[in-house]
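Enquirer: Quick one, protein-v2.cif (mmCIF, N, CA and C atoms):
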data_final
#
loop_
_atom_site.group_PDB
_atom_site.id
_atom_site.type_symbol
_atom_site.label_atom_id
_atom_site.label_comp_id
_atom_site.auth_asym_id
_atom_site.auth_seq_id
_atom_site.Cartn_x
_atom_site.Cartn_y
_atom_site.Cartn_z
ATOM 1 N N MET A 179 44.984 121.735 34.151
ATOM 2 C CA MET A 179 45.620 120.919 35.169
ATOM 3 C C MET A 179 45.467 121.537 36.565
ATOM 4 N N ALA A 180 45.591 122.844 36.640
ATOM 5 C CA ALA A 180 45.476 123.522 37.942
ATOM 6 C C ALA A 180 44.108 123.272 38.572
ATOM 7 N N TYR A 181 43.064 123.264 37.737
ATOM 8 C CA TYR A 181 41.717 123.009 38.250
ATOM 9 C C TYR A 181 41.617 121.609 38.841
ATOM 10 N N LEU A 182 42.189 120.615 38.168
ATOM 11 C CA LEU A 182 42.176 119.232 38.656
ATOM 12 C C LEU A 182 42.913 119.117 39.985
ATOM 13 N N ILE A 183 44.058 119.750 40.088
ATOM 14 C CA ILE A 183 44.829 119.730 41.339
ATOM 15 C C ILE A 183 44.027 120.376 42.462
ATOM 16 N N GLU A 184 43.319 121.435 42.143
ATOM 17 C CA GLU A 184 42.477 122.111 43.147
ATOM 18 C C GLU A 184 41.362 121.178 43.632
ATOM 19 N N VAL A 185 40.711 120.504 42.713
ATOM 20 C CA VAL A 185 39.635 119.565 43.061
ATOM 21 C C VAL A 185 40.194 118.421 43.913
ATOM 22 N N ILE A 186 41.350 117.901 43.531
ATOM 23 C CA ILE A 186 41.978 116.813 44.292
ATOM 24 C C ILE A 186 42.294 117.279 45.710
ATOM 25 N N GLY A 187 42.800 118.488 45.851
ATOM 26 C CA GLY A 187 43.108 119.029 47.179
ATOM 27 C C GLY A 187 41.874 119.174 48.047
ATOM 28 N N TRP A 188 40.794 119.730 47.466
ATOM 29 C CA TRP A 188 39.559 119.889 48.241
ATOM 30 C C TRP A 188 38.943 118.537 48.586
ATOM 31 N N ALA A 189 39.012 117.591 47.667
ATOM 32 C CA ALA A 189 38.496 116.249 47.956
ATOM 33 C C ALA A 189 39.308 115.604 49.075
ATOM 34 N N GLY A 190 40.621 115.771 49.036
ATOM 35 C CA GLY A 190 41.473 115.242 50.098
ATOM 36 C C GLY A 190 41.119 115.832 51.452
ATOM 37 N N ALA A 191 40.927 117.141 51.481
ATOM 38 C CA ALA A 191 40.547 117.799 52.734
ATOM 39 C C ALA A 191 39.213 117.266 53.238
ATOM 40 N N ALA A 192 38.256 117.080 52.332
ATOM 41 C CA ALA A 192 36.940 116.563 52.721
ATOM 42 C C ALA A 192 37.050 115.147 53.288
ATOM 43 N N LEU A 193 37.895 114.318 52.688
ATOM 44 C CA LEU A 193 38.049 112.944 53.178
ATOM 45 C C LEU A 193 38.671 112.906 54.572
ATOM 46 N N VAL A 194 39.710 113.717 54.788
ATOM 47 C CA VAL A 194 40.347 113.755 56.111
ATOM 48 C C VAL A 194 39.362 114.273 57.160
ATOM 49 N N LEU A 195 38.608 115.300 56.822
ATOM 50 C CA LEU A 195 37.612 115.830 57.759
ATOM 51 C C LEU A 195 36.495 114.824 58.015
ATOM 52 N N ALA A 196 36.082 114.111 56.981
ATOM 53 C CA ALA A 196 35.048 113.082 57.154
ATOM 54 C C ALA A 196 35.545 111.986 58.082
ATOM 55 N N ALA A 197 36.783 111.563 57.898
ATOM 56 C CA ALA A 197 37.359 110.530 58.768
ATOM 57 C C ALA A 197 37.359 110.999 60.221
ATOM 58 N N TYR A 198 37.784 112.226 60.436
ATOM 59 C CA TYR A 198 37.829 112.771 61.791
ATOM 60 C C TYR A 198 36.430 112.869 62.394
ATOM 61 N N ALA A 199 35.479 113.339 61.609
ATOM 62 C CA ALA A 199 34.106 113.450 62.102
ATOM 63 C C ALA A 199 33.528 112.081 62.434
ATOM 64 N N LEU A 200 33.770 111.100 61.581
ATOM 65 C CA LEU A 200 33.233 109.756 61.814
ATOM 66 C C LEU A 200 33.819 109.111 63.065
ATOM 67 N N VAL A 201 35.112 109.254 63.261
ATOM 68 C CA VAL A 201 35.718 108.655 64.450
ATOM 69 C C VAL A 201 35.346 109.435 65.713
ATOM 70 N N SER A 202 35.197 110.739 65.584
ATOM 71 C CA SER A 202 34.840 111.565 66.741
ATOM 72 C C SER A 202 33.413 111.356 67.197
ATOM 73 N N THR A 203 32.547 110.928 66.305
ATOM 74 C CA THR A 203 31.148 110.680 66.656
ATOM 75 C C THR A 203 30.868 109.188 66.854
ATOM 76 N N ASP A 204 31.927 108.406 66.965
ATOM 77 C CA ASP A 204 31.826 106.956 67.196
ATOM 78 C C ASP A 204 31.057 106.209 66.114
ATOM 79 N N ARG A 205 31.090 106.717 64.896
ATOM 80 C CA ARG A 205 30.440 106.000 63.790
ATOM 81 C C ARG A 205 31.376 104.981 63.161
ATOM 82 N N VAL A 206 32.670 105.225 63.280
ATOM 83 C CA VAL A 206 33.679 104.240 62.891
ATOM 84 C C VAL A 206 34.741 104.204 63.970
ATOM 85 N N ARG A 207 35.463 103.110 64.011
ATOM 86 C CA ARG A 207 36.555 102.976 64.983
ATOM 87 C C ARG A 207 37.860 103.423 64.338
ATOM 88 N N ALA A 208 38.757 103.947 65.144
ATOM 89 C CA ALA A 208 40.045 104.410 64.621
ATOM 90 C C ALA A 208 40.842 103.268 64.001
ATOM 91 N N GLN A 209 40.587 102.045 64.413
ATOM 92 C CA GLN A 209 41.301 100.898 63.875
ATOM 93 C C GLN A 209 40.647 100.344 62.608
ATOM 94 N N SER A 210 39.537 100.910 62.188
ATOM 95 C CA SER A 210 38.799 100.357 61.050
ATOM 96 C C SER A 210 39.486 100.687 59.721
ATOM 97 N N TRP A 211 39.225 99.826 58.761
ATOM 98 C CA TRP A 211 39.726 100.051 57.403
ATOM 99 C C TRP A 211 39.129 101.335 56.835
ATOM 100 N N THR A 212 37.879 101.587 57.115
ATOM 101 C CA THR A 212 37.209 102.787 56.600
ATOM 102 C C THR A 212 37.936 104.045 57.041
ATOM 103 N N TYR A 213 38.200 104.142 58.315
ATOM 104 C CA TYR A 213 38.884 105.320 58.852
ATOM 105 C C TYR A 213 40.262 105.485 58.232
ATOM 106 N N GLN A 214 41.027 104.409 58.207
ATOM 107 C CA GLN A 214 42.390 104.485 57.689
ATOM 108 C C GLN A 214 42.409 104.811 56.205
ATOM 109 N N LEU A 215 41.507 104.208 55.430
ATOM 110 C CA LEU A 215 41.481 104.483 53.990
ATOM 111 C C LEU A 215 41.041 105.913 53.685
ATOM 112 N N LEU A 216 40.095 106.426 54.457
ATOM 113 C CA LEU A 216 39.708 107.827 54.289
ATOM 114 C C LEU A 216 40.900 108.748 54.549
ATOM 115 N N ASN A 217 41.643 108.459 55.605
ATOM 116 C CA ASN A 217 42.823 109.265 55.927
ATOM 117 C C ASN A 217 43.906 109.132 54.869
ATOM 118 N N ILE A 218 44.170 107.917 54.414
ATOM 119 C CA ILE A 218 45.211 107.707 53.411
ATOM 120 C C ILE A 218 44.864 108.424 52.107
ATOM 121 N N CYS A 219 43.659 108.214 51.628
ATOM 122 C CA CYS A 219 43.249 108.846 50.368
ATOM 123 C C CYS A 219 43.192 110.368 50.495
ATOM 124 N N GLY A 220 42.676 110.834 51.614
ATOM 125 C CA GLY A 220 42.611 112.276 51.839
ATOM 126 C C GLY A 220 43.989 112.907 51.917
ATOM 127 N N ALA A 221 44.877 112.295 52.661
ATOM 128 C CA ALA A 221 46.227 112.833 52.797
ATOM 129 C C ALA A 221 46.967 112.792 51.459
ATOM 130 N N PHE A 222 46.735 111.746 50.664
ATOM 131 C CA PHE A 222 47.368 111.667 49.352
ATOM 132 C C PHE A 222 46.895 112.817 48.457
ATOM 133 N N GLY A 223 45.610 113.120 48.502
ATOM 134 C CA GLY A 223 45.095 114.266 47.747
ATOM 135 C C GLY A 223 45.730 115.571 48.200
ATOM 136 N N LEU A 224 45.918 115.708 49.496
ATOM 137 C CA LEU A 224 46.558 116.912 50.027
ATOM 138 C C LEU A 224 48.042 116.968 49.663
ATOM 139 N N VAL A 225 48.692 115.801 49.576
ATOM 140 C CA VAL A 225 50.094 115.758 49.131
ATOM 141 C C VAL A 225 50.199 116.314 47.712
ATOM 142 N N LEU A 226 49.341 115.832 46.824
ATOM 143 C CA LEU A 226 49.390 116.296 45.432
ATOM 144 C C LEU A 226 49.142 117.800 45.340
ATOM 145 N N ASN A 227 48.139 118.276 46.041
ATOM 146 C CA ASN A 227 47.811 119.691 46.015
ATOM 147 C C ASN A 227 48.941 120.528 46.606
ATOM 148 N N SER A 228 49.467 120.095 47.732
ATOM 149 C CA SER A 228 50.541 120.845 48.391
ATOM 150 C C SER A 228 51.807 120.869 47.540
ATOM 151 N N TRP A 229 52.119 119.752 46.916
ATOM 152 C CA TRP A 229 53.295 119.686 46.050
ATOM 153 C C TRP A 229 53.142 120.670 44.885
ATOM 154 N N TRP A 230 51.973 120.677 44.291
ATOM 155 C CA TRP A 230 51.695 121.557 43.148
ATOM 156 C C TRP A 230 51.938 123.021 43.517
ATOM 157 N N TYR A 231 51.513 123.383 44.708
ATOM 158 C CA TYR A 231 51.646 124.772 45.143
ATOM 159 C C TYR A 231 52.946 125.063 45.889
ATOM 160 N N GLY A 232 53.807 124.066 46.035
ATOM 161 C CA GLY A 232 55.104 124.269 46.664
ATOM 162 C C GLY A 232 55.064 124.396 48.169
ATOM 163 N N ALA A 233 54.035 123.863 48.785
ATOM 164 C CA ALA A 233 53.902 123.922 50.244
ATOM 165 C C ALA A 233 54.560 122.676 50.842
ATOM 166 N N ILE A 234 55.888 122.702 50.886
ATOM 167 C CA ILE A 234 56.654 121.518 51.269
ATOM 168 C C ILE A 234 56.364 121.054 52.699
ATOM 169 N N PRO A 235 56.210 121.932 53.691
ATOM 170 C CA PRO A 235 55.877 121.437 55.034
ATOM 171 C C PRO A 235 54.570 120.628 55.041
ATOM 172 N N SER A 236 53.581 121.068 54.290
ATOM 173 C CA SER A 236 52.326 120.330 54.197
ATOM 174 C C SER A 236 52.521 118.998 53.476
ATOM 175 N N VAL A 237 53.372 118.983 52.466
ATOM 176 C CA VAL A 237 53.688 117.726 51.769
ATOM 177 C C VAL A 237 54.272 116.728 52.763
ATOM 178 N N VAL A 238 55.245 117.176 53.541
ATOM 179 C CA VAL A 238 55.917 116.283 54.494
ATOM 180 C C VAL A 238 54.931 115.743 55.521
ATOM 181 N N VAL A 239 54.112 116.611 56.097
ATOM 182 C CA VAL A 239 53.135 116.173 57.101
ATOM 183 C C VAL A 239 52.186 115.139 56.512
ATOM 184 N N ASN A 240 51.710 115.375 55.305
ATOM 185 C CA ASN A 240 50.747 114.459 54.706
ATOM 186 C C ASN A 240 51.372 113.161 54.214
ATOM 187 N N VAL A 241 52.627 113.188 53.803
ATOM 188 C CA VAL A 241 53.326 111.934 53.477
ATOM 189 C C VAL A 241 53.445 111.087 54.738
ATOM 190 N N ILE A 242 53.783 111.718 55.855
ATOM 191 C CA ILE A 242 53.850 110.991 57.129
ATOM 192 C C ILE A 242 52.472 110.465 57.499
ATOM 193 N N TRP A 243 51.431 111.270 57.287
ATOM 194 C CA TRP A 243 50.049 110.866 57.576
ATOM 195 C C TRP A 243 49.692 109.610 56.776
ATOM 196 N N VAL A 244 50.051 109.599 55.489
ATOM 197 C CA VAL A 244 49.815 108.418 54.648
ATOM 198 C C VAL A 244 50.578 107.224 55.209
ATOM 199 N N GLY A 245 51.829 107.443 55.582
ATOM 200 C CA GLY A 245 52.642 106.359 56.142
ATOM 201 C C GLY A 245 52.046 105.765 57.404
ATOM 202 N N ILE A 246 51.538 106.602 58.274
ATOM 203 C CA ILE A 246 50.904 106.116 59.498
ATOM 204 C C ILE A 246 49.682 105.266 59.163
ATOM 205 N N GLY A 247 48.881 105.725 58.215
ATOM 206 C CA GLY A 247 47.696 104.966 57.808
ATOM 207 C C GLY A 247 48.047 103.622 57.201
ATOM 208 N N VAL A 248 49.056 103.609 56.342
ATOM 209 C CA VAL A 248 49.496 102.354 55.720
ATOM 210 C C VAL A 248 50.034 101.405 56.790
ATOM 211 N N TYR A 249 50.817 101.936 57.712
ATOM 212 C CA TYR A 249 51.349 101.116 58.805
ATOM 213 C C TYR A 249 50.208 100.519 59.632
ATOM 214 N N ALA A 250 49.207 101.334 59.948
ATOM 215 C CA ALA A 250 48.061 100.842 60.744
ATOM 216 C C ALA A 250 47.315 99.731 60.005
ATOM 217 N N LEU A 251 47.128 99.894 58.695
ATOM 218 C CA LEU A 251 46.435 98.852 57.935
ATOM 219 C C LEU A 251 47.262 97.579 57.835
ATOM 220 N N ARG A 252 48.546 97.706 57.685
ATOM 221 C CA ARG A 252 49.408 96.512 57.608
ATOM 222 C C ARG A 252 49.399 95.738 58.912
ATOM 223 N N ARG A 253 49.314 96.449 60.025
ATOM 224 C CA ARG A 253 49.252 95.779 61.329
ATOM 225 C C ARG A 253 47.937 95.029 61.499
ATOM 226 N N ARG A 254 46.868 95.530 60.865
ATOM 227 C CA ARG A 254 45.561 94.879 60.982
ATOM 228 C C ARG A 254 45.423 93.691 60.052
ATOM 229 N N ALA A 255 46.196 93.688 58.988
ATOM 230 C CA ALA A 255 46.065 92.606 57.983
ATOM 231 C C ALA A 255 46.627 91.287 58.465
#
Please express what this file holds, its structure, as structure tokens.
Expert:
Amino acid sequence: MAYLIEVIGWAGAALVLAAYALVSTDRVRAQSWTYQLLNICGAFGLVLNSWWYGAIPSVVVNVIWVGIGVYALRRRA
């Protein structure tokens, strides 16, 4: 189980970094579904990993990050 949580955490980090790189290089717009979904999925992976390791401040930040992404997508729908 620990290995799976580790993979989920690294995948989450990669997704958040990919989202940031894509928006920073103007390949996607910050309002796009792609950007928001990358952030939501990435932050969710980081939530699981952080929770597993007891890093509560990181859990809180990433739960808020997910909430912001969900809010942004709901406004676009």
Enquirer: Just want the 10 Å neighbourhood of Asn240 of chain A, counted on only C-alpha atoms, with same-chain residues fewer than 3 positions away dropped. Output as a ChimeraX atom specification.
Expert: /A:217-218,220-226,228,234-237,243-246
Enquirer: If the PyMOL selection byres (((chain A and resi 215 and name CA) around 10) and name CA) is run on the structure shown, which residues does it catch, given as a list in words?
Expert: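 What the PyMOL selection byres (((chain A and resi 215 and name CA) around 10) and name CA) grabs from the file is Leu193, Val194, Ala197, Ser210, Trp211, Thr212, Tyr213, Gln214, Leu216, Asn217, Ile218, Cys219, Gly220, Ala221, Val244, Gly247, Val248 and Leu251 of chain A.
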Enquirer: Could you please write out, as number ranges by chain, every residue of chain A that DSSP assigns to helix (DSSP H, G or I)?
Expert: A: 180-202, 211-231, 234-254
Enquirer: Quote the spacing between atom CA of Ala233 of chain A and atom CA of Gly187 of chain A in Å to one decimal place.
Expert: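 Answer for the atom CA of Ala233 of chain A to atom CA of Gly187 of chain A separation: 12.2 Å.
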Enquirer: Could you please determine the separation between atom C of Ala199 of chain A and atom N of Gly232 of chain A in Å, to one decimal place?
Expert: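 Separating atom C of Ala199 of chain A from atom N of Gly232 of chain A is a distance of 28.7 Å.
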Enquirer: Please compute the atom CA of Ala180 of chain A-atom CA of Tyr231 of chain A distance, one decimal, in Å.
Expert: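 About the pair atom CA of Ala180 of chain A and atom CA of Tyr231 of chain A: they are 9.6 Å apart.
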Enquirer: For Tyr249 of chain A, which residue among A:Gln209, A:Gly190, A:Asn227, A:Ser202 is the nearest when counting only C-alpha atoms?
Expert: A:Gln209
Enquirer: Which residue is closest to Trp229 of chain A? Choose from A:Leu195, A:Ala250, A:Val201, A:Ile186 and count only C-alpha atoms.
Expert: A:Ile186
